[in-house]
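Pasting entry_13.tsv here (TSV, C-alpha atoms and all ligand atoms):
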chain	number	residue	atom	x	y	z
A	18	MET	CA	-55.15	28.47	17.34
A	19	ALA	CA	-54.67	24.79	18.07
A	20	ASP	CA	-54.87	22.37	15.15
A	21	GLN	CA	-54.89	25.13	12.54
A	22	TYR	CA	-54.60	23.35	9.20
A	23	ALA	CA	-53.76	20.25	11.20
A	24	GLN	CA	-50.14	21.44	11.16
A	25	SER	CA	-49.94	19.96	7.70
A	26	GLY	CA	-47.54	22.54	6.32
A	27	GLU	CA	-49.02	21.65	2.94
A	28	ASP	CA	-51.78	23.35	1.02
A	29	LYS	CA	-53.45	25.94	3.18
A	30	PRO	CA	-57.22	25.89	2.96
A	31	SER	CA	-58.72	28.40	0.59
A	32	THR	CA	-61.06	29.41	3.41
A	33	GLY	CA	-60.26	32.38	5.61
A	34	ILE	CA	-60.42	30.42	8.85
A	35	PRO	CA	-59.92	26.75	9.74
A	36	VAL	CA	-62.89	24.50	9.04
A	37	ILE	CA	-62.46	22.67	12.34
A	38	ARG	CA	-60.29	23.06	15.40
A	39	TRP	CA	-59.97	21.90	18.97
A	40	GLU	CA	-59.62	24.55	21.67
A	41	GLU	CA	-59.16	24.42	25.41
A	42	PRO	CA	-60.46	27.65	26.98
A	43	PRO	CA	-60.69	27.81	30.82
A	44	GLU	CA	-64.40	26.81	30.70
A	45	GLY	CA	-63.49	23.48	29.15
A	46	PRO	CA	-62.58	21.97	25.77
A	47	VAL	CA	-64.63	22.79	22.67
A	48	VAL	CA	-64.72	21.88	18.99
A	49	VAL	CA	-64.96	25.00	16.84
A	50	LEU	CA	-66.44	24.68	13.33
A	51	LEU	CA	-66.65	27.06	10.43
A	52	ASP	CA	-70.45	27.10	10.02
A	53	GLN	CA	-70.90	26.05	6.38
A	54	THR	CA	-74.61	26.92	6.40
A	55	ARG	CA	-73.64	30.60	6.58
A	56	LEU	CA	-71.24	30.64	3.64
A	57	PRO	CA	-70.61	32.49	1.43
A	58	ALA	CA	-72.38	35.43	3.09
A	59	GLU	CA	-70.56	35.18	6.40
A	60	GLU	CA	-67.58	33.37	7.89
A	61	VAL	CA	-69.06	32.50	11.27
A	62	GLU	CA	-67.79	29.95	13.75
A	63	LEU	CA	-69.93	27.51	15.69
A	64	VAL	CA	-68.65	26.42	19.10
A	65	CYS	CA	-69.66	22.90	20.17
A	66	THR	CA	-69.32	22.20	23.87
A	67	ASP	CA	-70.64	18.65	23.75
A	68	ALA	CA	-71.27	15.75	21.39
A	69	PRO	CA	-75.03	16.45	20.94
A	70	ALA	CA	-74.15	19.93	19.61
A	71	LEU	CA	-71.78	18.30	17.15
A	72	VAL	CA	-74.46	15.78	16.13
A	73	ASP	CA	-76.76	18.70	15.42
A	74	ALA	CA	-74.06	20.49	13.40
A	75	ILE	CA	-73.58	17.31	11.34
A	76	ARG	CA	-77.32	16.88	10.69
A	77	THR	CA	-77.82	20.51	9.64
A	78	LEU	CA	-74.67	20.42	7.43
A	79	ALA	CA	-72.85	23.12	9.41
A	80	VAL	CA	-70.04	20.58	9.10
A	81	ARG	CA	-70.22	18.29	6.07
A	82	GLY	CA	-68.33	16.41	3.36
A	83	ALA	CA	-67.08	12.88	3.91
A	84	PRO	CA	-63.48	13.40	5.13
A	85	LEU	CA	-64.42	16.29	7.41
A	86	LEU	CA	-67.28	14.29	8.88
A	87	GLY	CA	-64.71	11.68	9.90
A	88	ILE	CA	-62.53	14.30	11.56
A	89	ALA	CA	-65.55	15.89	13.27
A	90	GLY	CA	-66.74	12.51	14.51
A	91	ALA	CA	-63.33	11.77	16.02
A	92	TYR	CA	-63.14	15.16	17.75
A	93	GLY	CA	-66.71	14.61	18.97
A	94	VAL	CA	-65.65	11.43	20.76
A	95	ALA	CA	-62.63	13.26	22.21
A	96	LEU	CA	-64.94	16.05	23.39
A	97	ALA	CA	-67.30	13.64	25.14
A	98	ALA	CA	-64.32	12.00	26.85
A	99	ALA	CA	-62.71	15.28	27.87
A	100	ARG	CA	-65.99	16.60	29.28
A	101	GLY	CA	-66.65	13.41	31.24
A	102	PHE	CA	-69.70	12.21	29.27
A	103	ASP	CA	-70.47	8.60	28.34
A	104	VAL	CA	-68.08	8.05	25.44
A	105	GLU	CA	-69.72	4.92	24.05
A	106	GLU	CA	-73.12	6.63	23.99
A	107	ALA	CA	-71.64	9.70	22.28
A	108	ALA	CA	-69.90	7.47	19.72
A	109	VAL	CA	-73.19	5.79	18.77
A	110	ALA	CA	-74.98	9.14	18.40
A	111	LEU	CA	-72.16	10.68	16.35
A	112	ALA	CA	-71.75	7.70	14.02
A	113	GLY	CA	-75.51	7.63	13.42
A	114	ALA	CA	-75.88	11.35	12.69
A	115	ARG	CA	-75.72	10.78	8.91
A	116	PRO	CA	-75.73	7.32	7.33
A	117	THR	CA	-74.02	7.52	3.94
A	118	ALA	CA	-70.51	8.93	4.42
A	119	VAL	CA	-68.55	6.01	5.81
A	120	ASN	CA	-65.77	8.33	6.97
A	121	LEU	CA	-68.01	9.47	9.83
A	122	SER	CA	-68.12	6.03	11.42
A	123	VAL	CA	-64.44	5.46	10.61
A	124	GLY	CA	-63.48	8.65	12.48
A	125	VAL	CA	-65.72	7.89	15.44
A	126	ARG	CA	-64.37	4.34	15.63
A	127	ARG	CA	-60.74	5.49	15.55
A	128	ALA	CA	-61.16	7.85	18.52
A	129	ALA	CA	-63.46	5.51	20.46
A	130	SER	CA	-61.06	2.56	19.99
A	131	ALA	CA	-58.15	4.66	21.23
A	132	HIS	CA	-60.20	5.65	24.28
A	133	ARG	CA	-61.24	2.05	24.96
A	134	ALA	CA	-57.71	0.73	24.51
A	135	ALA	CA	-56.33	3.33	26.93
A	136	LEU	CA	-58.89	2.37	29.58
A	137	ALA	CA	-58.21	-1.32	29.02
A	138	GLY	CA	-54.50	-0.61	29.50
A	139	GLY	CA	-55.20	0.85	32.94
A	140	ALA	CA	-55.30	4.55	32.04
A	141	GLY	CA	-57.47	6.92	34.05
A	142	ALA	CA	-60.29	8.95	32.51
A	143	GLU	CA	-58.04	11.93	31.81
A	144	SER	CA	-55.37	9.91	30.03
A	145	ALA	CA	-57.99	7.99	28.06
A	146	ALA	CA	-59.51	11.31	26.94
A	147	LYS	CA	-56.05	12.40	25.82
A	148	ALA	CA	-55.69	9.19	23.83
A	149	ALA	CA	-59.00	9.89	22.04
A	150	LEU	CA	-57.85	13.43	21.25
A	151	ALA	CA	-54.51	12.18	19.96
A	152	ALA	CA	-56.37	9.78	17.62
A	153	ALA	CA	-58.56	12.63	16.33
A	154	ARG	CA	-55.52	14.85	15.73
A	155	GLN	CA	-53.75	12.01	13.96
A	156	LEU	CA	-56.72	11.45	11.63
A	157	HIS	CA	-56.85	15.20	10.94
A	158	ARG	CA	-53.15	15.23	10.01
A	159	GLU	CA	-53.44	12.11	7.88
A	160	ASP	CA	-56.35	13.59	5.96
A	161	ALA	CA	-54.39	16.77	5.23
A	162	GLU	CA	-51.49	14.67	4.00
A	163	ALA	CA	-53.78	12.47	1.89
A	164	SER	CA	-55.16	15.56	0.12
A	165	GLY	CA	-51.74	16.45	-1.23
A	166	ARG	CA	-51.16	12.93	-2.51
A	167	MET	CA	-54.61	12.65	-4.11
A	168	ALA	CA	-53.98	15.95	-5.90
A	169	ALA	CA	-50.67	14.68	-7.29
A	170	HIS	CA	-52.10	11.32	-8.44
A	171	GLY	CA	-55.20	12.97	-9.86
A	172	LEU	CA	-53.26	15.55	-11.82
A	173	ALA	CA	-50.94	12.90	-13.22
A	174	LEU	CA	-53.97	10.91	-14.36
A	175	LEU	CA	-55.59	13.98	-15.95
A	176	ASP	CA	-52.40	14.74	-17.84
A	177	GLU	CA	-52.26	11.15	-19.05
A	178	LEU	CA	-55.90	11.12	-20.17
A	179	LEU	CA	-55.83	14.65	-21.61
A	180	PRO	CA	-52.33	15.16	-22.99
A	181	GLY	CA	-53.28	18.49	-24.60
A	182	GLY	CA	-53.55	20.24	-21.20
A	183	GLY	CA	-55.84	23.23	-20.73
A	184	HIS	CA	-58.28	21.15	-18.76
A	185	ARG	CA	-61.96	22.10	-18.58
A	186	ILE	CA	-63.24	20.26	-15.53
A	187	LEU	CA	-66.82	19.84	-14.37
A	188	THR	CA	-67.36	19.23	-10.67
A	189	HIS	CA	-70.36	18.63	-8.44
A	190	CYS	CA	-71.05	19.48	-4.80
A	191	ASN	CA	-68.12	20.69	-2.69
A	192	THR	CA	-64.91	18.73	-2.30
A	193	GLY	CA	-62.33	21.36	-1.36
A	194	SER	CA	-60.67	22.58	1.81
A	195	LEU	CA	-64.11	22.90	3.40
A	196	VAL	CA	-64.37	19.11	3.61
A	197	SER	CA	-60.85	18.23	4.60
A	198	GLY	CA	-57.81	18.80	6.76
A	199	GLY	CA	-56.03	19.85	3.55
A	200	ALA	CA	-57.10	21.04	0.10
A	201	GLY	CA	-59.75	18.33	-0.32
A	202	THR	CA	-60.34	15.59	-2.85
A	203	ALA	CA	-61.63	16.32	-6.39
A	204	PHE	CA	-61.27	20.06	-5.86
A	205	ALA	CA	-57.66	19.56	-4.76
A	206	VAL	CA	-56.88	18.04	-8.17
A	207	ALA	CA	-58.46	21.01	-9.96
A	208	LEU	CA	-56.58	23.37	-7.66
A	209	ALA	CA	-53.28	21.63	-8.44
A	210	ALA	CA	-54.03	21.96	-12.17
A	211	HIS	CA	-54.81	25.64	-11.65
A	212	ARG	CA	-51.57	26.22	-9.75
A	213	GLN	CA	-49.62	24.63	-12.58
A	214	GLY	CA	-51.38	26.75	-15.19
A	215	ARG	CA	-53.20	23.75	-16.64
A	216	LEU	CA	-56.80	24.51	-15.64
A	217	ARG	CA	-58.69	26.32	-18.36
A	218	ARG	CA	-62.02	26.34	-16.55
A	219	LEU	CA	-63.75	24.81	-13.56
A	220	TRP	CA	-67.42	24.23	-14.30
A	221	VAL	CA	-69.27	24.28	-10.98
A	222	ASP	CA	-72.66	22.56	-10.72
A	223	GLU	CA	-74.84	24.56	-8.33
A	224	THR	CA	-75.85	21.26	-6.65
A	225	ARG	CA	-79.53	21.50	-5.75
A	226	PRO	CA	-81.14	21.53	-3.30
A	227	LEU	CA	-78.63	22.83	-0.73
A	228	LEU	CA	-76.35	24.51	-3.26
A	229	GLN	CA	-73.00	23.22	-2.04
A	230	GLY	CA	-71.59	24.05	-5.49
A	231	ALA	CA	-72.92	27.60	-5.68
A	232	ARG	CA	-72.34	28.48	-2.04
A	233	LEU	CA	-69.16	26.58	-1.23
A	234	THR	CA	-67.23	25.47	-4.33
A	235	ALA	CA	-67.68	28.86	-6.02
A	236	TYR	CA	-66.53	30.47	-2.76
A	237	GLU	CA	-63.39	28.33	-2.69
A	238	ALA	CA	-62.71	28.74	-6.42
A	239	ALA	CA	-63.05	32.52	-6.14
A	240	ARG	CA	-60.72	32.68	-3.15
A	241	SER	CA	-58.18	30.54	-5.02
A	242	GLY	CA	-58.26	32.73	-8.12
A	243	MET	CA	-59.48	29.93	-10.39
A	244	ALA	CA	-61.32	30.54	-13.66
A	245	TYR	CA	-64.73	29.13	-12.79
A	246	THR	CA	-68.29	29.28	-14.08
A	247	LEU	CA	-71.41	28.28	-12.18
A	248	LEU	CA	-74.20	26.36	-13.91
A	249	THR	CA	-77.55	24.92	-12.87
A	250	ASP	CA	-77.38	21.16	-12.56
A	251	ASN	CA	-79.75	20.71	-15.47
A	252	ALA	CA	-77.49	22.78	-17.76
A	253	ALA	CA	-74.76	20.13	-17.63
A	254	GLY	CA	-76.19	18.21	-20.60
A	255	SER	CA	-75.95	21.16	-22.93
A	256	LEU	CA	-72.41	21.83	-21.74
A	257	PHE	CA	-71.35	18.29	-22.68
A	258	ALA	CA	-73.20	18.57	-26.00
A	259	ALA	CA	-71.26	21.75	-26.75
A	260	GLY	CA	-67.98	19.85	-26.21
A	261	GLU	CA	-67.02	22.10	-23.28
A	262	VAL	CA	-66.15	19.39	-20.72
A	263	ASP	CA	-62.84	17.50	-20.82
A	264	ALA	CA	-63.30	15.60	-17.56
A	265	VAL	CA	-65.65	15.23	-14.61
A	266	LEU	CA	-64.04	15.19	-11.16
A	267	ILE	CA	-66.13	14.34	-8.11
A	268	GLY	CA	-65.62	13.11	-4.56
A	269	ALA	CA	-67.36	10.24	-2.79
A	270	ASP	CA	-69.18	9.57	0.45
A	271	ARG	CA	-68.81	5.82	0.29
A	272	ILE	CA	-67.20	3.52	-2.26
A	273	ALA	CA	-68.45	-0.05	-2.07
A	274	ALA	CA	-66.06	-2.99	-2.46
A	275	ASP	CA	-67.17	-3.45	-6.08
A	276	GLY	CA	-66.30	0.19	-6.91
A	277	SER	CA	-69.86	1.59	-6.81
A	278	VAL	CA	-69.66	5.24	-5.79
A	279	ALA	CA	-72.16	7.05	-3.55
A	280	ASN	CA	-71.82	10.81	-3.89
A	281	LYS	CA	-74.01	13.91	-3.85
A	282	VAL	CA	-77.26	13.38	-5.74
A	283	GLY	CA	-76.73	14.42	-9.34
A	284	SER	CA	-73.41	12.61	-9.70
A	285	TYR	CA	-74.93	9.57	-11.42
A	286	PRO	CA	-76.56	11.60	-14.24
A	287	LEU	CA	-73.17	13.23	-14.83
A	288	ALA	CA	-71.60	9.78	-15.16
A	289	VAL	CA	-74.22	8.80	-17.75
A	290	LEU	CA	-73.63	12.02	-19.68
A	291	ALA	CA	-69.87	11.58	-19.48
A	292	ARG	CA	-70.07	8.05	-20.87
A	293	TYR	CA	-72.32	9.14	-23.76
A	294	HIS	CA	-69.94	11.97	-24.62
A	295	HIS	CA	-66.72	9.91	-24.15
A	296	VAL	CA	-65.51	12.13	-21.30
A	297	PRO	CA	-63.54	10.66	-18.37
A	298	PHE	CA	-65.51	10.45	-15.12
A	299	ILE	CA	-63.02	10.46	-12.25
A	300	VAL	CA	-63.73	9.90	-8.56
A	301	VAL	CA	-61.23	11.24	-6.01
A	302	ALA	CA	-61.48	10.08	-2.40
A	303	PRO	CA	-59.23	8.95	0.45
A	304	VAL	CA	-58.83	5.25	1.19
A	305	THR	CA	-60.99	5.80	4.29
A	306	THR	CA	-63.99	6.34	1.96
A	307	VAL	CA	-63.64	2.84	0.49
A	308	ASP	CA	-65.75	0.49	2.60
A	309	PRO	CA	-64.81	-3.17	2.21
A	310	ASP	CA	-67.81	-4.10	4.36
A	311	THR	CA	-70.29	-2.70	1.82
A	312	PRO	CA	-70.24	-5.21	-1.04
A	313	ASP	CA	-72.05	-3.23	-3.73
A	314	GLY	CA	-74.03	-0.13	-4.60
A	315	ALA	CA	-77.38	-1.63	-3.60
A	316	SER	CA	-76.05	-2.11	-0.06
A	317	ILE	CA	-75.25	1.58	0.44
A	318	GLU	CA	-77.74	3.39	2.65
A	319	VAL	CA	-78.70	6.64	0.95
A	320	GLU	CA	-79.72	9.42	3.31
A	321	GLN	CA	-83.20	10.81	2.65
A	322	ARG	CA	-83.52	14.45	3.67
A	323	PRO	CA	-86.58	16.53	4.49
A	324	GLY	CA	-88.84	17.59	1.63
A	325	TYR	CA	-88.72	21.26	2.59
A	326	GLU	CA	-85.17	21.43	1.30
A	327	VAL	CA	-86.74	21.01	-2.15
A	328	THR	CA	-90.04	22.84	-1.69
A	329	GLU	CA	-88.35	25.92	-0.22
A	330	VAL	CA	-85.33	27.95	-1.18
A	331	ALA	CA	-83.32	30.07	1.19
A	332	ALA	CA	-83.97	33.75	0.75
A	333	PRO	CA	-81.00	35.94	-0.24
A	334	ASN	CA	-78.72	36.36	2.76
A	335	VAL	CA	-80.86	33.98	4.80
A	336	PRO	CA	-78.69	31.03	5.76
A	337	VAL	CA	-79.58	27.61	4.43
A	338	THR	CA	-80.18	26.01	7.79
A	339	GLY	CA	-81.71	22.77	6.62
A	340	ALA	CA	-84.46	23.47	9.13
A	341	GLY	CA	-87.12	25.01	6.91
A	342	GLY	CA	-88.07	28.65	7.09
A	343	GLY	CA	-87.06	29.43	3.50
A	344	VAL	CA	-89.22	30.87	0.71
A	345	PRO	CA	-91.73	28.31	-0.66
A	346	VAL	CA	-91.33	27.54	-4.37
A	347	ALA	CA	-94.06	24.87	-4.54
A	348	PRO	CA	-97.67	24.77	-3.36
A	349	LEU	CA	-98.01	24.09	0.35
A	350	GLY	CA	-98.27	20.39	1.06
A	351	THR	CA	-96.26	19.34	-2.01
A	352	GLN	CA	-94.38	16.10	-1.41
A	353	ALA	CA	-90.73	16.03	-2.43
A	354	TYR	CA	-88.26	13.27	-3.28
A	355	ASN	CA	-85.00	14.32	-1.66
A	356	PRO	CA	-82.24	11.70	-1.55
A	357	ALA	CA	-78.98	13.35	-0.51
A	358	PHE	CA	-76.86	10.98	-2.61
A	359	ASP	CA	-77.01	8.69	-5.61
A	360	VAL	CA	-74.94	5.68	-6.58
A	361	THR	CA	-72.86	5.40	-9.74
A	362	PRO	CA	-72.02	1.84	-10.85
A	363	PRO	CA	-68.34	1.03	-11.38
A	364	GLU	CA	-68.73	0.51	-15.12
A	365	LEU	CA	-69.46	4.24	-15.49
A	366	VAL	CA	-66.41	5.29	-13.46
A	367	THR	CA	-63.28	5.83	-15.54
A	368	ALA	CA	-60.96	5.87	-12.52
A	369	ILE	CA	-60.90	6.03	-8.75
A	370	VAL	CA	-58.03	8.08	-7.35
A	371	THR	CA	-56.92	7.79	-3.72
A	372	GLU	CA	-53.76	8.86	-1.90
A	373	GLU	CA	-52.33	5.46	-2.88
A	374	GLY	CA	-52.73	5.95	-6.64
A	375	ALA	CA	-55.39	5.37	-9.28
A	376	VAL	CA	-57.32	2.33	-10.48
A	377	SER	CA	-58.67	2.21	-14.01
A	378	PRO	CA	-60.63	0.26	-15.03
A	379	VAL	CA	-62.40	0.02	-11.71
A	380	THR	CA	-62.63	-3.56	-10.47
A	381	ALA	CA	-63.14	-4.96	-6.99
A	382	GLU	CA	-59.73	-6.64	-7.15
A	383	ALA	CA	-57.80	-3.53	-8.24
A	384	LEU	CA	-59.57	-1.41	-5.64
A	385	ALA	CA	-58.83	-3.87	-2.83
A	386	GLU	CA	-55.22	-4.13	-3.92
A	387	MET	CA	-54.78	-0.34	-3.94
A	388	CYS	CA	-56.40	0.07	-0.53
A	389	ALA	CA	-54.28	-2.72	0.98
A	390	ARG	CA	-51.20	-0.56	0.27
A	391	SER	CA	-52.48	2.05	2.74
A	392	PRO	CA	-51.57	1.96	6.42
A	393	GLN	CA	-55.21	3.03	6.95
A	394	ALA	CA	-56.26	-0.47	5.91
A	395	THR	CA	-54.95	-1.93	9.18
A	396	ILE	CA	-56.13	0.77	11.56
A	397	ASP	CA	-59.27	-0.04	13.47
B	401	LIG	C1	-64.66	14.99	-0.44
B	401	LIG	S1	-66.20	15.36	-0.25
B	401	LIG	C2	-67.09	14.09	-1.09
B	401	LIG	C3	-68.48	14.14	-0.72
B	401	LIG	O1	-68.61	14.14	0.67
B	401	LIG	C4	-69.20	15.36	-1.32
B	401	LIG	O2	-69.10	15.30	-2.71
B	401	LIG	C5	-70.61	15.30	-0.90
B	401	LIG	O3	-71.41	14.63	-1.52
B	401	LIG	C6	-70.96	16.01	0.35
B	401	LIG	O4	-72.33	15.95	0.63
B	401	LIG	P1	-72.90	16.78	1.86
B	401	LIG	O5	-74.34	16.39	1.91
B	401	LIG	O6	-72.69	18.22	1.55
B	401	LIG	O7	-72.14	16.34	3.08
What's the structure tokens form of this structure?
Amino acid sequence: MADQYAQSGEDKPSTGIPVIRWEEPPEGPVVVLLDQTRLPAEEVELVCTDAPALVDAIRTLAVRGAPLLGIAGAYGVALAAARGFDVEEAAVALAGARPTAVNLSVGVRRAASAHRAALAGGAGAESAAKAALAAARQLHREDAEASGRMAAHGLALLDELLPGGGHRILTHCNTGSLVSGGAGTAFAVALAAHRQGRLRRLWVDETRPLLQGARLTAYEAARSGMAYTLLTDNAAGSLFAAGEVDAVLIGADRIAADGSVANKVGSYPLAVLARYHHVPFIVVAPVTTVDPDTPDGASIEVEQRPGYEVTEVAAPNVPVTGAGGGVPVAPLGTQAYNPAFDVTPPELVTAIVTEEGAVSPVTAEALAEMCARSPQATID
């Protein structure tokens, strides 16, 4: 299997099969995804033979989570090039498939720039396609490597903030090996604590409406042998009030230059709760999630998703497809407010951890200085 675990040699994903891989069967190259809409009931792969199929997989959340969206976007460009489609057109469609996670456009841009540069240097179509694929593979490897470093920095920070050990960590959405070339972002920190015997409990928010916590994080925690407990999102307040949360660890889809954090809807209320209860609220994300071109939280485009994701629930063992067809839980015709993300202002964020270290308190200057240390900062 090509690209399995991005040859990282580091943390193997807690999933049974790779979340994304490039294959070259005789019929032509394909991008193979672990279909996340089918988890945890089934581990089923989705084979994408062209960029539009990948765009569809991104929109329906078969492939999801900021870092993985970047990797998928880069492979999508490589696929368009290798199959002889219009690469620039594919790049626009892929980058526009979901608006909030900046990693998607970063990944698309990396592969498209490599393709363009190869053509400009006199390469033929085949060599230019190879250049795009090499860029995608490189991004995949870098992401796997970044996971390991984020886990180390995040665990060091946790130990500093909570010297007693025995961490009880609350997390939201899914930030593990399902969203990454490696072990993930926030989940990778919890996993590192678990492996060192320092995780007492992982509290897993179910993450309405698409249940990334219940379906995906619980799946990963179970496979990793972690002590975890699932809760409804609206039970978090009582958990804080009972003194059961030592820290909140979440990922991010886009971090603005001022340190505002866009993440799965429901993150902001956790930040407010954490502040009221004097609990650290820690954001873990690769440098590629920090977007210097987005000045502040108000400038982040928050994806609005269809109302049926709220007015219907998936029936047991019926995959959450994001395409309707679930069991209605509200009167027909009910309108729903369904933003996919919310934005937490920097003053509510205790620390932002990347592969380059941690900033706390979060200021625009400290964030920019940390990101400038990364080789990623200079890659177009
Ligand atoms: C490292 S993953 C960080 C975020 O991408 C994650 O928390 C999240 O919000 C994912 O949302 P999703 O809509 O499932 O793609």
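CA of Leu227 (chain A) lies 17.1 Å from CA of Gln352 (chain A).
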Contacts of ligand LIG 401 (chain B), 9 Å or closer, only C-alpha atoms and all ligand atoms, given as a PyMOL selection string
chain A and resi 75+78+80-86+115+118+189-197+201-204+227-229+267-271+279-282+284+301-303+306+320+357-358
Given all atoms listed in the file as the counted atoms, nearest of A:Pro35, A:Pro286, A:Gly87, A:Gly324 to Val49 (chain A)
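Of all the options, A:Pro35 lies closest to Val49 (chain A).
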Separation of CA of Val125 (chain A) from CA of Val94 (chain A), in Å and rounded to one decimal:
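Distance between the two atoms: 6.4 Å.
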Distance query Ala383 (chain A) at most 12 Å, all atoms listed in the file, self and fewer than 5 positions along chain excluded, as a ChimeraX atom specification
/A:274-276,363,368-370,373-378,388-390
Would you mind listing what lies within 8 Å of region 245-257 of chain A as a PDB file with C-alpha atoms, keeping the file's coordinate frame, with only C-alpha atoms counted and same-chain residues fewer than 3 positions away left out?
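result-v2.pdb was written with the following content:
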ATOM      1  CA  ARG A 218     -62.020  26.340 -16.550  1.00  0.00           C
ATOM      2  CA  LEU A 219     -63.750  24.810 -13.560  1.00  0.00           C
ATOM      3  CA  TRP A 220     -67.420  24.230 -14.300  1.00  0.00           C
ATOM      4  CA  VAL A 221     -69.270  24.280 -10.980  1.00  0.00           C
ATOM      5  CA  ASP A 222     -72.660  22.560 -10.720  1.00  0.00           C
ATOM      6  CA  GLU A 223     -74.840  24.560  -8.330  1.00  0.00           C
ATOM      7  CA  THR A 224     -75.850  21.260  -6.650  1.00  0.00           C
ATOM      8  CA  ARG A 225     -79.530  21.500  -5.750  1.00  0.00           C
ATOM      9  CA  GLY A 230     -71.590  24.050  -5.490  1.00  0.00           C
ATOM     10  CA  ALA A 231     -72.920  27.600  -5.680  1.00  0.00           C
ATOM     11  CA  ALA A 235     -67.680  28.860  -6.020  1.00  0.00           C
ATOM     12  CA  ALA A 238     -62.710  28.740  -6.420  1.00  0.00           C
ATOM     13  CA  ALA A 239     -63.050  32.520  -6.140  1.00  0.00           C
ATOM     14  CA  GLY A 260     -67.980  19.850 -26.210  1.00  0.00           C
ATOM     15  CA  GLU A 261     -67.020  22.100 -23.280  1.00  0.00           C
ATOM     16  CA  VAL A 262     -66.150  19.390 -20.720  1.00  0.00           C
ATOM     17  CA  GLY A 283     -76.730  14.420  -9.340  1.00  0.00           C
ATOM     18  CA  LEU A 287     -73.170  13.230 -14.830  1.00  0.00           C
ATOM     19  CA  LEU A 290     -73.630  12.020 -19.680  1.00  0.00           C
ATOM     20  CA  ALA A 291     -69.870  11.580 -19.480  1.00  0.00           C
ATOM     21  CA  HIS A 294     -69.940  11.970 -24.620  1.00  0.00           C
TER      22      HIS A 294
END
At a cut-off of 8 Å, using only C-alpha atoms, what residues contact Val330 (chain A)? Leave out same-chain residues fewer than 4 positions from it and give the result as a short mmCIF file (atom, residue, chain, number, x, y, z; two decimals) with C-alpha atoms, keeping the file's coordinate frame.
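Below is the file that was written, part21.cif:
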data_model
loop_
_atom_site.label_atom_id
_atom_site.label_comp_id
_atom_site.auth_asym_id
_atom_site.auth_seq_id
_atom_site.Cartn_x
_atom_site.Cartn_y
_atom_site.Cartn_z
CA PRO A 226 -81.14 21.53 -3.30
CA GLU A 326 -85.17 21.43 1.30
CA GLY A 343 -87.06 29.43 3.50
CA VAL A 344 -89.22 30.87 0.71
CA PRO A 345 -91.73 28.31 -0.66
CA VAL A 346 -91.33 27.54 -4.37
#
Calculate how many Å separate CA of Thr54 (chain A) from CA of Ala110 (chain A), rounding to one decimal.
21.5 Å
Using only C-alpha atoms for the distances, tell me which of A:Thr305, A:Val278, A:Gln393, A:Asp310 is nearest to Thr361 (chain A).
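Using only C-alpha atoms, Thr361 (chain A) sits closest to A:Val278.
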Nearest to Leu175 (chain A) among A:Val360, A:Val265, A:Ala140, A:Ala129, with distances taken over all atoms listed in the file: which residue is it?
A:Val265
Find, counting only C-alpha atoms, the residue in A:Gly165, A:Pro46, A:Gly198, A:Gly342 that gets nearest to Lys147 (chain A).
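Checking each candidate against Lys147 (chain A), we get A:Pro46 as the closest.
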Taking all atoms of region 167-178 of chain A that appear in the file, build a box with edges along x, y and z, extend it by 3 Å on every side, and state its centre and edge lengths in Å to one decimal, as JSON.
{"center_x": -53.3, "center_y": 13.4, "center_z": -12.1, "size_x": 11.2, "size_y": 11.0, "size_z": 22.1}
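If you measure from each of A:Ile37, A:Ala128, A:Leu216, A:Val104 to Gly182 (chain A) using only C-alpha atoms, the closest one turns out to be A:Leu216.
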With only C-alpha atoms as the counted atoms, please give the residues lying no more than 6 Å from Ala273 (chain A), apart from itself and same-chain residues fewer than 2 positions off, as an mmCIF file with C-alpha atoms, keeping the file's coordinate frame.
data_model
loop_
_atom_site.group_PDB
_atom_site.id
_atom_site.type_symbol
_atom_site.label_atom_id
_atom_site.label_comp_id
_atom_site.auth_asym_id
_atom_site.auth_seq_id
_atom_site.Cartn_x
_atom_site.Cartn_y
_atom_site.Cartn_z
ATOM 1 C CA ASP A 275 -67.170 -3.450 -6.080
ATOM 2 C CA GLY A 276 -66.300 0.190 -6.910
ATOM 3 C CA SER A 277 -69.860 1.590 -6.810
ATOM 4 C CA ASP A 308 -65.750 0.490 2.600
ATOM 5 C CA THR A 311 -70.290 -2.700 1.820
ATOM 6 C CA PRO A 312 -70.240 -5.210 -1.040
ATOM 7 C CA ASP A 313 -72.050 -3.230 -3.730
#
Counting all atoms listed in the file, figure out which residue out of A:Glu382, A:Ala131, A:Ala70, A:Thr77 gets nearest to Leu111 (chain A).
A:Ala70
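Near Val47 (chain A), within 8 Å and counting only C-alpha atoms, sit Trp39, Glu40, Glu41, Pro42, Gly45, Val49, Val64, Cys65, Thr66, Asp67 and Leu96 of chain A; same-chain residues fewer than 2 positions away were not included.
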